[in-house]
>>> print(open('my_file_36.txt').read())   # compact mmCIF, C-alpha atoms
# COMPACT_ATOMS: atom_id res chain seq x y z
CA ARG A 1 -23.40 1.13 32.09
CA ALA A 2 -22.26 1.39 28.47
CA LEU A 3 -25.85 1.27 27.20
CA ALA A 4 -26.87 3.99 29.66
CA VAL A 5 -24.02 6.22 28.46
CA LEU A 6 -25.00 5.53 24.83
CA ARG A 7 -28.64 6.48 25.52
CA ARG A 8 -27.59 9.75 27.15
CA THR A 9 -25.19 10.52 24.31
CA LEU A 10 -27.89 9.87 21.70
CA TYR A 11 -30.31 12.09 23.60
CA VAL A 12 -27.81 14.96 23.70
CA LEU A 13 -26.81 14.42 20.08
CA LYS A 14 -30.40 14.48 18.84
CA GLY A 15 -30.96 17.75 20.71
CA ALA A 16 -27.78 19.30 19.33
CA LEU A 17 -28.59 18.31 15.74
CA ALA A 18 -31.99 19.99 15.96
CA GLY A 19 -33.50 17.64 13.42
CA GLU A 20 -34.51 14.07 12.74
CA TRP A 21 -31.14 13.13 11.33
CA LEU A 22 -30.62 9.97 13.38
CA ASP A 23 -32.60 6.80 12.96
CA SER A 24 -32.20 4.55 15.99
CA ASP A 25 -33.93 1.67 17.71
CA ARG A 26 -32.92 -0.94 20.28
CA GLU A 27 -30.68 -2.74 17.78
CA SER A 28 -29.13 -0.12 15.51
CA ILE A 29 -28.20 3.52 14.98
CA GLY A 30 -27.89 5.17 11.59
CA LEU A 31 -28.47 8.29 9.57
CA ASN A 32 -32.04 9.01 8.53
CA SER A 33 -31.95 8.74 4.74
CA SER A 34 -35.15 10.76 4.38
CA SER A 35 -33.74 13.78 6.24
CA ASP A 36 -32.12 16.81 4.60
CA LEU A 37 -28.71 15.81 5.92
CA TRP A 38 -25.87 16.53 3.46
CA VAL A 39 -22.97 14.05 3.52
CA ASP A 40 -19.85 14.74 1.48
CA VAL A 41 -19.25 11.05 0.68
CA ASP A 42 -22.80 10.70 -0.66
CA GLN A 43 -22.39 13.83 -2.79
CA PHE A 44 -19.03 12.52 -4.05
CA HIS A 45 -20.71 9.32 -5.24
CA GLU A 46 -23.57 11.29 -6.80
CA CYS A 47 -21.04 13.21 -8.90
CA LEU A 48 -19.44 10.00 -10.15
CA LEU A 49 -22.85 8.47 -10.81
CA GLU A 50 -23.79 11.50 -12.95
CA CYS A 51 -20.99 10.62 -15.39
CA LYS A 52 -22.34 7.08 -15.79
CA LYS A 53 -25.56 8.54 -17.21
CA HIS A 54 -23.82 10.06 -20.23
CA GLY A 55 -23.92 6.89 -22.30
CA HIS A 56 -20.19 6.39 -22.94
CA PRO A 57 -17.66 3.91 -21.47
CA LEU A 58 -16.64 4.79 -17.91
CA GLU A 59 -13.00 5.46 -18.82
CA GLN A 60 -14.01 8.12 -21.36
CA VAL A 61 -14.82 11.72 -20.51
CA CYS A 62 -17.26 13.94 -22.36
CA PRO A 63 -17.57 17.70 -21.77
CA ASP A 64 -20.58 17.05 -19.50
CA CYS A 65 -18.41 14.87 -17.25
CA VAL A 66 -15.96 17.64 -16.40
CA GLY A 67 -18.27 19.51 -14.00
CA PRO A 68 -19.25 16.48 -11.88
CA LEU A 69 -15.69 15.11 -11.85
CA THR A 70 -14.29 18.49 -10.82
CA GLU A 71 -16.88 18.76 -8.04
CA ALA A 72 -16.05 15.25 -6.86
CA MET A 73 -12.38 16.26 -6.70
CA SER A 74 -13.20 19.35 -4.62
CA LEU A 75 -15.13 17.19 -2.14
CA TYR A 76 -12.22 14.83 -1.55
CA ARG A 77 -9.94 16.68 0.86
CA ASP A 78 -8.29 13.82 2.74
CA ASP A 79 -8.61 10.18 3.70
CA PHE A 80 -11.93 8.94 5.08
CA LEU A 81 -12.42 10.02 8.73
CA LYS A 82 -8.72 10.81 9.01
CA GLY A 83 -7.71 11.37 12.63
CA LEU A 84 -10.67 9.46 14.03
CA SER A 85 -10.02 6.16 15.78
CA LEU A 86 -11.79 4.01 18.31
CA LYS A 87 -9.83 2.36 21.09
CA ASP A 88 -9.69 -1.42 20.91
CA SER A 89 -12.01 -1.66 17.90
CA LEU A 90 -10.46 -3.75 15.15
CA ALA A 91 -13.80 -3.97 13.34
CA PHE A 92 -13.98 -0.17 13.09
CA ASP A 93 -10.35 0.02 11.97
CA ASP A 94 -10.95 -2.57 9.25
CA TRP A 95 -14.11 -0.79 8.06
CA GLN A 96 -12.40 2.61 8.04
CA PHE A 97 -9.42 1.22 6.11
CA SER A 98 -11.74 -0.41 3.57
CA GLN A 99 -13.67 2.83 3.05
CA THR A 100 -10.44 4.80 2.76
CA GLN A 101 -9.03 2.49 0.08
CA SER A 102 -12.29 2.40 -1.87
CA LEU A 103 -12.71 6.20 -1.90
CA ARG A 104 -9.06 6.74 -2.74
CA SER A 105 -9.34 4.37 -5.69
CA GLU A 106 -12.45 6.18 -6.92
CA VAL A 107 -10.88 9.62 -6.64
CA ILE A 108 -7.72 8.47 -8.43
CA GLY A 109 -9.92 7.14 -11.22
CA ALA A 110 -11.67 10.52 -11.44
CA ILE A 111 -8.34 12.36 -11.47
CA GLY A 112 -7.00 10.14 -14.23
CA ARG A 113 -10.04 10.89 -16.37
CA LEU A 114 -9.59 14.64 -15.82
CA VAL A 115 -5.91 14.38 -16.75
CA TYR A 116 -6.82 12.62 -20.01
CA TYR A 117 -9.57 15.10 -20.81
CA HIS A 118 -7.58 18.29 -20.19
CA SER A 119 -4.55 16.83 -21.95
CA ASP A 120 -6.63 16.01 -25.04
CA GLN A 121 -8.07 19.54 -24.97
CA GLU A 122 -4.52 20.98 -24.82
CA GLU A 123 -5.35 22.46 -21.41
CA LEU A 124 -1.95 21.37 -20.18
CA GLU A 125 -1.67 23.41 -16.98
CA ALA A 126 -4.99 22.02 -15.74
CA ALA A 127 -3.83 18.51 -16.64
CA ILE A 128 -0.54 19.07 -14.79
CA GLY A 129 -2.43 20.21 -11.68
CA TYR A 130 -4.52 17.06 -11.65
CA ALA A 131 -1.52 14.81 -12.34
CA ARG A 132 0.27 16.37 -9.36
CA ARG A 133 -2.77 15.68 -7.18
CA TRP A 134 -2.73 12.09 -8.46
CA LEU A 135 0.84 11.68 -7.23
CA GLU A 136 -0.02 13.26 -3.88
CA LEU A 137 -2.56 10.48 -3.39
CA ASP A 138 -0.32 7.68 -4.66
CA ARG A 139 3.35 8.53 -4.97
CA THR A 140 4.15 5.07 -6.36
CA ASP A 141 1.74 5.23 -9.33
CA GLU A 142 4.00 5.07 -12.35
CA LYS A 143 1.20 5.98 -14.73
CA ALA A 144 0.79 9.30 -12.90
CA TYR A 145 4.53 9.96 -13.22
CA ARG A 146 4.39 9.15 -16.92
CA HIS A 147 1.54 11.58 -17.50
CA LEU A 148 3.33 14.32 -15.60
CA ILE A 149 6.62 13.74 -17.42
CA GLU A 150 4.86 13.91 -20.78
CA LEU A 151 2.85 17.00 -19.82
CA TYR A 152 5.96 18.86 -18.68
CA ALA A 153 7.63 17.97 -21.98
CA ARG A 154 4.60 19.16 -23.96
CA THR A 155 4.75 22.53 -22.19
CA GLY A 156 8.44 22.80 -23.12
CA ASN A 157 9.64 22.28 -19.55
CA ARG A 158 12.22 19.63 -20.40
CA VAL A 159 14.15 20.09 -17.15
CA ALA A 160 11.05 19.44 -15.01
CA ALA A 161 10.21 16.37 -17.12
CA LEU A 162 13.65 14.83 -16.67
CA ARG A 163 13.64 15.70 -12.97
CA LYS A 164 10.26 14.01 -12.54
CA TYR A 165 11.61 10.87 -14.22
CA ASP A 166 14.54 10.80 -11.76
CA GLU A 167 12.06 11.13 -8.89
CA CYS A 168 10.00 8.27 -10.35
CA VAL A 169 13.07 6.00 -10.50
CA LYS A 170 14.00 6.77 -6.88
CA VAL A 171 10.49 6.31 -5.50
CA LEU A 172 9.86 3.04 -7.34
CA ARG A 173 13.22 1.67 -6.24
CA LYS A 174 12.77 2.72 -2.61
CA GLU A 175 9.07 1.93 -2.12
CA LEU A 176 8.51 -1.03 -4.46
CA ARG A 177 12.04 -2.23 -5.29
CA GLU A 178 11.14 -1.97 -8.96
CA SER A 179 12.45 -0.20 -12.03
CA PRO A 180 10.32 1.93 -14.37
CA GLU A 181 8.42 0.20 -17.15
CA GLU A 182 9.79 0.27 -20.68
CA GLU A 183 7.16 2.81 -21.75
CA THR A 184 8.39 5.23 -19.07
CA ASN A 185 12.02 4.68 -20.06
CA GLN A 186 11.23 5.28 -23.73
CA LEU A 187 9.50 8.53 -22.84
CA TYR A 188 12.53 9.61 -20.80
CA HIS A 189 15.00 8.85 -23.61
CA ALA A 190 12.82 10.62 -26.19
CA ILE A 191 12.78 13.76 -24.04
CA LYS A 192 16.47 13.54 -23.19
CA GLU A 193 17.43 13.17 -26.85
CA ASN A 194 15.06 15.94 -27.96
CA ALA A 195 12.98 13.41 -29.90
CA PHE A 196 9.73 14.23 -28.14
CA PRO A 197 6.87 14.01 -28.96
CA MET A 198 7.04 10.34 -29.82
CA GLU A 199 4.73 8.61 -32.24
CA LYS A 200 1.46 7.81 -30.48
>>> encode(input="my_file_36.txt", output="structure tokens")
Amino acid sequence: RALAVLRRTLYVLKGALAGEWLDSDRESIGLNSSSDLWVDVDQFHECLLECKKHGHPLEQVCPDCVGPLTEAMSLYRDDFLKGLSLKDSLAFDDWQFSQTQSLRSEVIGAIGRLVYYHSDQEELEAAIGYARRWLELDRTDEKAYRHLIELYARTGNRVAALRKYDECVKVLRKELRESPEEETNQLYHAIKENAFPMEK
């Protein structure tokens, strides 16, 4: 009965798609890689791959990287297949979780590179925007807090910098039962004592 329902569903789906987008046989169903189907995850990876062709270490960002990284960021709107679940399918759940974690890690890496780039170019508001997005994706990432604290201080917004440090302390304590690293504490004290910027 399940196979009959699957066959009918595939028949309807192929008609609705109006194209040869599905590749299926008696054993498997997949997307036809030779079709003109556009998939956001594929495009996201193409953007990241473009930066690898620029001949510099992955953690660095050249001006040619900014466009692809920015496009990759615009493609990532939420977690992978968020809201979709299959009843009683642990294999699907595991696969979806794995894809979610992998994509999230890649997008955080892209965000971090954009923060570094815009910060180095003194484009501080752009860097702040990306650092905020970084924290939206991982509110326990101390490195993201540190960037944001420093960026606020560099724009002269000392109050926001100190407030963000307090938030960092609370989140790390509540979520990880940890205290901030010494580097974060030194940054906080430098800002509090009006000794910022520190020696790099």
>>> atom_distance(input="my_file_36.txt", atom1="atom CA of Gly112 of chain A", atom2="atom CA of Ala127 of chain A")
9.3 Å
>>> closest_residue(input="my_file_36.txt", among="A:Ser85, A:Ser105, A:Glu142, A:Arg154", to="Ile128 of chain A", atoms="only C-alpha atoms")
A:Arg154
>>> atom_distance(input="my_file_36.txt", atom1="atom CA of Gln43 of chain A", atom2="atom CA of Trp21 of chain A")
16.6 Å
>>> residues_around(input="my_file_36.txt", residues="Leu162 of chain A", least_positions_apart="5", cutoff="10 Å", atoms="all atoms listed in the file", output="mmCIF file with C-alpha atoms, in the coordinates of the input")
data_model
loop_
_atom_site.group_PDB
_atom_site.id
_atom_site.type_symbol
_atom_site.label_atom_id
_atom_site.label_comp_id
_atom_site.auth_asym_id
_atom_site.auth_seq_id
_atom_site.Cartn_x
_atom_site.Cartn_y
_atom_site.Cartn_z
ATOM 1 C CA ILE A 149 6.620 13.740 -17.420
ATOM 2 C CA GLU A 150 4.860 13.910 -20.780
ATOM 3 C CA TYR A 152 5.960 18.860 -18.680
ATOM 4 C CA ALA A 153 7.630 17.970 -21.980
ATOM 5 C CA ASN A 157 9.640 22.280 -19.550
ATOM 6 C CA GLU A 167 12.060 11.130 -8.890
ATOM 7 C CA CYS A 168 10.000 8.270 -10.350
ATOM 8 C CA LEU A 187 9.500 8.530 -22.840
ATOM 9 C CA TYR A 188 12.530 9.610 -20.800
ATOM 10 C CA HIS A 189 15.000 8.850 -23.610
ATOM 11 C CA ILE A 191 12.780 13.760 -24.040
ATOM 12 C CA LYS A 192 16.470 13.540 -23.190
#
>>> closest_residue(input="my_file_36.txt", among="A:Ala195, A:Val12, A:Met73, A:Ala131", to="Val107 of chain A", atoms="only C-alpha atoms")
A:Met73
>>> residues_near_point(input="my_file_36.txt", point="(-18.5, 13.6, -19.9)", cutoff="10 Å", atoms="all atoms listed in the file", output="ChimeraX atom specification")
/A:50-69,113-114,117
